[in-house]
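Colleague: File protein33.pdb follows (PDB, C-alpha atoms):
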```
ATOM      1  CA  MET A  20       0.000   0.000   0.000
ATOM      2  CA  ARG A  21       2.817   2.396   0.884
ATOM      3  CA  SER A  22       4.558   1.777  -2.447
ATOM      4  CA  ILE A  23       1.304   2.405  -4.338
ATOM      5  CA  LEU A  24       0.770   5.705  -2.502
ATOM      6  CA  ILE A  25       4.312   6.830  -3.243
ATOM      7  CA  ALA A  26       3.943   5.945  -6.939
ATOM      8  CA  VAL A  27       0.633   7.825  -7.161
ATOM      9  CA  LEU A  28       2.104  10.922  -5.510
ATOM     10  CA  ILE A  29       5.134  10.944  -7.827
ATOM     11  CA  ALA A  30       2.966  10.430 -10.901
ATOM     12  CA  ALA A  31       0.556  13.170  -9.845
ATOM     13  CA  GLU A  32       3.365  15.626  -9.241
ATOM     14  CA  GLY A  33       4.880  14.765 -12.621
ATOM     15  CA  VAL A  34       1.572  15.444 -14.383
ATOM     16  CA  PHE A  35       1.053  18.709 -12.507
ATOM     17  CA  THR A  36       4.568  19.885 -13.272
ATOM     18  CA  GLY A  37       4.214  18.952 -16.940
ATOM     19  CA  ILE A  38       1.029  20.993 -17.201
ATOM     20  CA  ASP A  39       2.757  23.869 -15.440
ATOM     21  CA  CYS A  40       5.815  23.771 -17.703
ATOM     22  CA  TYR A  41       3.783  24.206 -20.845
ATOM     23  CA  GLN A  42       1.356  26.903 -19.784
ATOM     24  CA  LYS A  43       0.616  29.244 -22.683
ATOM     25  CA  TYR A  44       1.319  32.362 -20.638
ATOM     26  CA  HIS A  45       4.785  32.367 -19.113
ATOM     27  CA  HIS A  46       3.974  35.074 -16.557
ATOM     28  CA  GLN A  47       0.892  33.333 -15.230
ATOM     29  CA  LYS A  48       1.359  32.332 -11.599
ATOM     30  CA  ARG A  49       2.387  28.670 -11.740
ATOM     31  CA  TRP A  50       0.929  27.394  -8.536
ATOM     32  CA  PHE A  51       1.728  23.784  -9.350
ATOM     33  CA  LYS A  52       5.382  24.557  -8.668
ATOM     34  CA  GLY A  53       4.505  25.489  -5.126
ATOM     35  CA  LEU A  54       3.265  21.938  -4.530
ATOM     36  CA  LEU A  55       6.483  20.189  -5.551
ATOM     37  CA  MET A  56       8.498  20.325  -2.341
ATOM     38  CA  PRO A  57       5.558  19.680   0.015
ATOM     39  CA  VAL A  58       4.831  16.513  -1.980
ATOM     40  CA  ILE A  59       8.494  15.489  -1.823
ATOM     41  CA  MET A  60       8.616  16.163   1.921
ATOM     42  CA  VAL A  61       5.533  13.972   2.392
ATOM     43  CA  LEU A  62       7.241  11.249   0.366
ATOM     44  CA  TYR A  63      10.316  11.591   2.556
ATOM     45  CA  THR A  64       8.291  11.079   5.746
ATOM     46  CA  PHE A  65       6.942   7.842   4.273
ATOM     47  CA  LEU A  66      10.353   6.595   3.170
ATOM     48  CA  PHE A  67      12.953   7.727   5.703
ATOM     49  CA  LYS A  68      14.599   5.223   8.041
ATOM     50  CA  GLU A  69      16.269   7.864  10.174
ATOM     51  CA  PHE A  70      14.957  11.421  10.373
ATOM     52  CA  ARG A  71      17.594  13.977   9.361
ATOM     53  CA  ILE A  72      16.965  17.570  10.274
ATOM     54  CA  LEU A  73      19.484  18.890   7.709
ATOM     55  CA  GLN A  74      17.723  16.990   4.932
ATOM     56  CA  MET A  75      14.356  18.435   5.919
ATOM     57  CA  LEU A  76      15.757  21.964   6.296
ATOM     58  CA  ALA A  77      17.373  21.718   2.845
ATOM     59  CA  MET A  78      14.040  20.693   1.329
ATOM     60  CA  ILE A  79      12.255  23.531   3.130
ATOM     61  CA  ALA A  80      14.854  25.941   1.707
ATOM     62  CA  GLY A  81      14.087  24.574  -1.755
ATOM     63  CA  TRP A  82      10.365  25.096  -1.185
ATOM     64  CA  LEU A  83      10.950  28.714  -0.146
ATOM     65  CA  GLY A  84      13.078  29.169  -3.263
ATOM     66  CA  ASP A  85      10.241  27.839  -5.408
ATOM     67  CA  LEU A  86       7.759  30.220  -3.819
ATOM     68  CA  PHE A  87      10.014  33.250  -4.224
ATOM     69  CA  LEU A  88      10.721  32.424  -7.876
ATOM     70  CA  LEU A  89       7.026  32.401  -8.672
ATOM     71  CA  ARG A  90       7.491  36.172  -8.875
ATOM     72  CA  ASP A  91       9.661  37.859 -11.494
ATOM     73  CA  GLU A  92      10.669  40.963  -9.543
ATOM     74  CA  LYS A  93      14.348  41.367  -8.671
ATOM     75  CA  PRO A  94      13.989  41.144  -4.841
ATOM     76  CA  TYR A  95      12.091  37.856  -5.183
ATOM     77  CA  PHE A  96      14.652  36.453  -7.594
ATOM     78  CA  ILE A  97      17.468  37.288  -5.170
ATOM     79  CA  ALA A  98      15.504  35.798  -2.254
ATOM     80  CA  GLY A  99      14.895  32.650  -4.301
ATOM     81  CA  CYS A 100      18.580  32.319  -5.166
ATOM     82  CA  LEU A 101      19.581  32.795  -1.528
ATOM     83  CA  SER A 102      17.048  30.167  -0.438
ATOM     84  CA  PHE A 103      18.374  27.618  -2.910
ATOM     85  CA  MET A 104      21.944  28.493  -1.972
ATOM     86  CA  ALA A 105      21.077  27.840   1.680
ATOM     87  CA  GLY A 106      19.653  24.481   0.629
ATOM     88  CA  HIS A 107      22.859  23.580  -1.212
ATOM     89  CA  ILE A 108      24.920  24.534   1.838
ATOM     90  CA  LEU A 109      22.743  22.336   4.067
ATOM     91  CA  TYR A 110      23.001  19.409   1.647
ATOM     92  CA  GLY A 111      26.769  19.888   1.494
ATOM     93  CA  ILE A 112      27.094  19.865   5.297
ATOM     94  CA  LEU A 113      24.994  16.697   5.453
ATOM     95  CA  TYR A 114      27.091  14.944   2.815
ATOM     96  CA  VAL A 115      30.393  15.968   4.423
ATOM     97  CA  GLN A 116      29.209  14.365   7.663
ATOM     98  CA  GLU A 117      28.711  11.089   5.782
ATOM     99  CA  ILE A 118      32.170  10.954   4.207
ATOM    100  CA  ASP A 119      34.687   8.507   5.647
ATOM    101  CA  LEU A 120      38.052   9.553   4.217
ATOM    102  CA  SER A 121      39.553   6.140   4.941
ATOM    103  CA  LEU A 122      36.976   4.520   2.629
ATOM    104  CA  MET A 123      36.882   7.145  -0.120
ATOM    105  CA  PRO A 124      38.862   6.353  -3.301
ATOM    106  CA  ARG A 125      41.650   8.957  -3.379
ATOM    107  CA  PRO A 126      41.585   9.474  -7.200
ATOM    108  CA  LEU A 127      38.055  10.787  -6.744
ATOM    109  CA  LEU A 128      39.527  14.042  -5.432
ATOM    110  CA  LEU A 129      40.750  14.816  -8.952
ATOM    111  CA  SER A 130      37.134  15.235 -10.035
ATOM    112  CA  GLY A 131      37.206  18.567  -8.234
ATOM    113  CA  ALA A 132      39.058  19.958 -11.256
ATOM    114  CA  VAL A 133      36.164  18.937 -13.515
ATOM    115  CA  TYR A 134      33.701  20.777 -11.285
ATOM    116  CA  VAL A 135      35.865  23.889 -11.306
ATOM    117  CA  LEU A 136      36.162  23.718 -15.092
ATOM    118  CA  TYR A 137      32.384  23.414 -15.459
ATOM    119  CA  ALA A 138      31.778  26.423 -13.205
ATOM    120  CA  VAL A 139      34.371  28.521 -15.032
ATOM    121  CA  LEU A 140      32.972  27.689 -18.480
ATOM    122  CA  VAL A 141      29.390  28.421 -17.449
ATOM    123  CA  TYR A 142      30.336  31.692 -15.773
ATOM    124  CA  ARG A 143      32.389  32.838 -18.768
ATOM    125  CA  ARG A 144      29.430  32.103 -21.046
ATOM    126  CA  LEU A 145      27.043  34.062 -18.811
ATOM    127  CA  LYS A 146      29.334  36.859 -17.654
ATOM    128  CA  SER A 147      28.472  39.360 -20.380
ATOM    129  CA  TYR A 148      24.726  38.858 -19.807
ATOM    130  CA  ILE A 149      24.629  39.082 -16.011
ATOM    131  CA  PRO A 150      24.063  42.592 -14.606
ATOM    132  CA  SER A 151      26.981  43.792 -12.500
ATOM    133  CA  ASP A 152      24.935  43.775  -9.291
ATOM    134  CA  PHE A 153      24.095  40.084  -9.843
ATOM    135  CA  LYS A 154      27.591  38.810 -10.528
ATOM    136  CA  GLY A 155      28.474  38.367  -6.863
ATOM    137  CA  TYR A 156      25.353  36.289  -6.265
ATOM    138  CA  ALA A 157      26.124  34.209  -9.354
ATOM    139  CA  LEU A 158      29.681  33.431  -8.227
ATOM    140  CA  PHE A 159      28.654  32.440  -4.710
ATOM    141  CA  TYR A 160      25.787  30.349  -6.013
ATOM    142  CA  MET A 161      27.950  28.478  -8.496
ATOM    143  CA  PHE A 162      30.538  27.832  -5.806
ATOM    144  CA  PHE A 163      28.045  26.293  -3.399
ATOM    145  CA  ILE A 164      26.123  24.145  -5.878
ATOM    146  CA  THR A 165      29.323  22.700  -7.360
ATOM    147  CA  LEU A 166      30.627  22.102  -3.831
ATOM    148  CA  MET A 167      27.369  20.359  -2.940
ATOM    149  CA  SER A 168      27.661  18.028  -5.923
ATOM    150  CA  PHE A 169      31.353  17.419  -5.210
ATOM    151  CA  THR A 170      30.605  16.391  -1.593
ATOM    152  CA  ALA A 171      27.834  14.121  -2.897
ATOM    153  CA  LEU A 172      30.397  12.422  -5.121
ATOM    154  CA  MET A 173      32.854  12.093  -2.233
ATOM    155  CA  ARG A 174      30.357   9.866  -0.383
ATOM    156  CA  LEU A 175      31.424   6.966  -2.614
ATOM    157  CA  GLY A 176      32.546   4.060  -0.432
ATOM    158  CA  SER A 177      31.189   5.632   2.750
ATOM    159  CA  VAL A 178      27.466   5.026   2.171
ATOM    160  CA  PRO A 179      25.381   2.309   0.472
ATOM    161  CA  GLN A 180      25.900   2.255  -3.282
ATOM    162  CA  GLY A 181      22.269   3.006  -4.095
ATOM    163  CA  SER A 182      22.146   6.083  -1.878
ATOM    164  CA  TRP A 183      25.452   7.374  -3.252
ATOM    165  CA  LEU A 184      24.413   6.965  -6.881
ATOM    166  CA  LEU A 185      20.940   8.489  -6.487
ATOM    167  CA  ILE A 186      22.214  11.538  -4.613
ATOM    168  CA  TRP A 187      25.201  12.127  -6.867
ATOM    169  CA  ILE A 188      23.080  11.903 -10.034
ATOM    170  CA  GLY A 189      20.501  14.143  -8.372
ATOM    171  CA  SER A 190      23.162  16.724  -7.572
ATOM    172  CA  MET A 191      24.409  16.695 -11.169
ATOM    173  CA  VAL A 192      20.893  17.110 -12.543
ATOM    174  CA  PHE A 193      20.388  19.953 -10.049
ATOM    175  CA  MET A 194      23.476  21.669 -11.474
ATOM    176  CA  VAL A 195      22.060  21.339 -14.985
ATOM    177  CA  SER A 196      18.698  22.700 -13.840
ATOM    178  CA  ASP A 197      20.269  25.725 -12.143
ATOM    179  CA  THR A 198      22.438  26.372 -15.200
ATOM    180  CA  LEU A 199      19.284  26.403 -17.309
ATOM    181  CA  VAL A 200      17.654  28.800 -14.830
ATOM    182  CA  ALA A 201      20.560  31.212 -15.285
ATOM    183  CA  PHE A 202      20.393  31.029 -19.079
ATOM    184  CA  GLU A 203      16.616  31.425 -18.987
ATOM    185  CA  LYS A 204      16.866  34.472 -16.717
ATOM    186  CA  PHE A 205      19.730  36.294 -18.405
ATOM    187  CA  VAL A 206      20.026  34.956 -21.974
ATOM    188  CA  ASN A 207      16.885  33.331 -23.374
ATOM    189  CA  PRO A 208      13.550  33.674 -21.512
ATOM    190  CA  ASP A 209      11.961  31.031 -23.761
ATOM    191  CA  LEU A 210      14.471  28.346 -22.808
ATOM    192  CA  LYS A 211      12.899  25.005 -21.859
ATOM    193  CA  GLY A 212      14.062  22.272 -19.534
ATOM    194  CA  VAL A 213      14.218  23.947 -16.120
ATOM    195  CA  MET A 214      11.346  22.109 -14.433
ATOM    196  CA  GLU A 215      11.994  18.948 -16.446
ATOM    197  CA  THR A 216      15.384  18.719 -14.725
ATOM    198  CA  TYR A 217      14.507  20.338 -11.386
ATOM    199  CA  VAL A 218      11.751  17.849 -10.479
ATOM    200  CA  PRO A 219      13.864  14.683 -10.941
ATOM    201  CA  ALA A 220      16.802  16.379  -9.176
ATOM    202  CA  GLN A 221      14.794  17.016  -6.020
ATOM    203  CA  LEU A 222      13.228  13.548  -6.161
ATOM    204  CA  LEU A 223      16.626  11.860  -6.542
ATOM    205  CA  LEU A 224      18.128  13.798  -3.609
ATOM    206  CA  MET A 225      15.165  12.914  -1.436
ATOM    207  CA  TYR A 226      15.003   9.246  -2.422
ATOM    208  CA  GLY A 227      18.770   8.818  -2.073
ATOM    209  CA  ALA A 228      18.537  10.120   1.480
ATOM    210  CA  ALA A 229      15.510   7.974   2.279
ATOM    211  CA  VAL A 230      17.145   4.709   1.189
ATOM    212  CA  HIS A 231      20.427   5.473   3.003
TER     213      HIS A 231
END
```
Output the file's structure in the form of C-alpha cells.

Modeller:
Amino acid sequence: MRSILIAVLIAAEGVFTGIDCYQKYHHQKRWFKGLLMPVIMVLYTFLFKEFRILQMLAMIAGWLGDLFLLRDEKPYFIAGCLSFMAGHILYGILYVQEIDLSLMPRPLLLSGAVYVLYAVLVYRRLKSYIPSDFKGYALFYMFFITLMSFTALMRLGSVPQGSWLLIWIGSMVFMVSDTLVAFEKFVNPDLKGVMETYVPAQLLLMYGAAVH
C-alpha cells in the first residue's frame, strides 16, 4: 500500500509539473510549482529510516526558493537564489558528515578539477549577460552548488551504493537545472528544460537520502 501511494504521488506531481511547464502564458502564476516540495517532503516522511533535520531543512529551503521564484521581480529572484543556496549549503554539510576519508577512493579528489572547469565555463558564457549587481550572487551560487555536488560524489565508499548513486546523479541534474535557470533568466527567456530537470533532481536527492 505504501509503495502504491508513493507511486501515485510521484505520478501526480509529474503530471502537474508537466502541465505547469507548458502553460501558454509564461507570466501566469504557476501554482503547481509550489506543490512540488511539500509533496516530496511527504514522500520523505513515508520513506525515511532515520529522520535527518538537515535533509528536511534543505528541502524547506528549496520550497521557499520555489515560492520566491514564482514572482519575477528582482527582490524575489534574489531571495529565491539565496534560499536555494542555503539548501545547497545544508546538503553539502549533510554529505560531508557522511564521508569517511579512509573509505573514499583517493583518485576521486581529482574530479574537483572537472567541477571547477564546469563552473568557469558556465560563468564565462554568462558573464556578459549578467548585470553587474548580480555577478556576486552568481559566483557564490555556483561555488556552493558545485561544492554540494562534489561532496555528494565524495560519499562513494562511505554510504550504500544506491544512496550514493541516487544523490550524486541528483546533484548533477540539479546543477544542470540551475544552469538552465541562469540562461533562462539572463540569456533566453523562452528556454525550456528547467522544471523537467529540477523535479527529478529534487526527487533523486530525497530518495537517495531515504534509502540510506

Colleague: Taking the file as shown, what set of residues would the PyMOL selection byres ((chain A and resi 175-182) around 6) give back, as JSON, numbers by chain?

Modeller: {"A": [118, 119, 122, 123, 173, 174, 183, 184, 185, 227, 231]}

Colleague: Evaluate the PyMOL selection byres ((chain A and resi 155-168) around 10) here and jot the selected residues down as number ranges by chain.

Modeller: A: 97, 100-101, 103-115, 131, 133-135, 137-139, 141-142, 145-146, 149-154, 169-173, 186-194, 197-198, 201

Colleague: Just the number, please: distance in Å from CA of Pro57 in chain A to CA of Phe205 in chain A, one decimal.

Modeller: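 It comes out at 28.6 Å.
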
Colleague: Box time for range 188-200 of chain A: axis-aligned, enclosing all its listed atoms, 3 Å extra on each side; report centre and edge lengths in Å to one decimal, as lines of an AutoDock Vina configuration file.

Modeller:
```
center_x = 21.0
center_y = 20.4
center_z = -12.4
size_x = 12.8
size_y = 22.9
size_z = 15.7
```

Colleague: Report, in Å to a single decimal, how far apart CA of Leu76 in chain A and CA of Leu62 in chain A are.

Modeller: 14.9 Å

Colleague: Could you tell me how far CA of Leu54 in chain A sits from CA of Glu69 in chain A, in Å to one decimal place?

Modeller: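 Computed distance, CA of Glu69 in chain A to CA of Leu54 in chain A, equals 24.2 Å.
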
Colleague: Taking (13.6, 18.7, -21.3) in the coordinates of the supplied file, I want to know which residues reach to within 12 Å of it, counting only C-alpha atoms; could you give the answer as a ChimeraX atom specification?

Modeller: /A:37,40-41,192,195-196,199,210-219

Colleague: Residues of the last selection are to be written out with C-alpha atoms, as a PDB file, in the frame of the given file.

Modeller:
```pdb
ATOM      1  CA  GLY A  37       4.214  18.952 -16.940  1.00  0.00           C
ATOM      2  CA  CYS A  40       5.815  23.771 -17.703  1.00  0.00           C
ATOM      3  CA  TYR A  41       3.783  24.206 -20.845  1.00  0.00           C
ATOM      4  CA  VAL A 192      20.893  17.110 -12.543  1.00  0.00           C
ATOM      5  CA  VAL A 195      22.060  21.339 -14.985  1.00  0.00           C
ATOM      6  CA  SER A 196      18.698  22.700 -13.840  1.00  0.00           C
ATOM      7  CA  LEU A 199      19.284  26.403 -17.309  1.00  0.00           C
ATOM      8  CA  LEU A 210      14.471  28.346 -22.808  1.00  0.00           C
ATOM      9  CA  LYS A 211      12.899  25.005 -21.859  1.00  0.00           C
ATOM     10  CA  GLY A 212      14.062  22.272 -19.534  1.00  0.00           C
ATOM     11  CA  VAL A 213      14.218  23.947 -16.120  1.00  0.00           C
ATOM     12  CA  MET A 214      11.346  22.109 -14.433  1.00  0.00           C
ATOM     13  CA  GLU A 215      11.994  18.948 -16.446  1.00  0.00           C
ATOM     14  CA  THR A 216      15.384  18.719 -14.725  1.00  0.00           C
ATOM     15  CA  TYR A 217      14.507  20.338 -11.386  1.00  0.00           C
ATOM     16  CA  VAL A 218      11.751  17.849 -10.479  1.00  0.00           C
ATOM     17  CA  PRO A 219      13.864  14.683 -10.941  1.00  0.00           C
TER      18      PRO A 219
END
```

Colleague: Given the choices A:Leu66, A:Val230, A:Leu224, A:Ile59, which gets closest to Trp82 in chain A if the distance is worked out from all atoms listed in the file?

Modeller: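 So, comparing all the options, the nearest one is A:Ile59.
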
Colleague: Which residue is closest to Asp91 in chain A? Choose from A:Lys68, A:Ser121, A:Ala77, A:Pro208 and count all atoms listed in the file.

Modeller: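 Counting all atoms listed in the file, the residue closest to Asp91 in chain A is A:Pro208.
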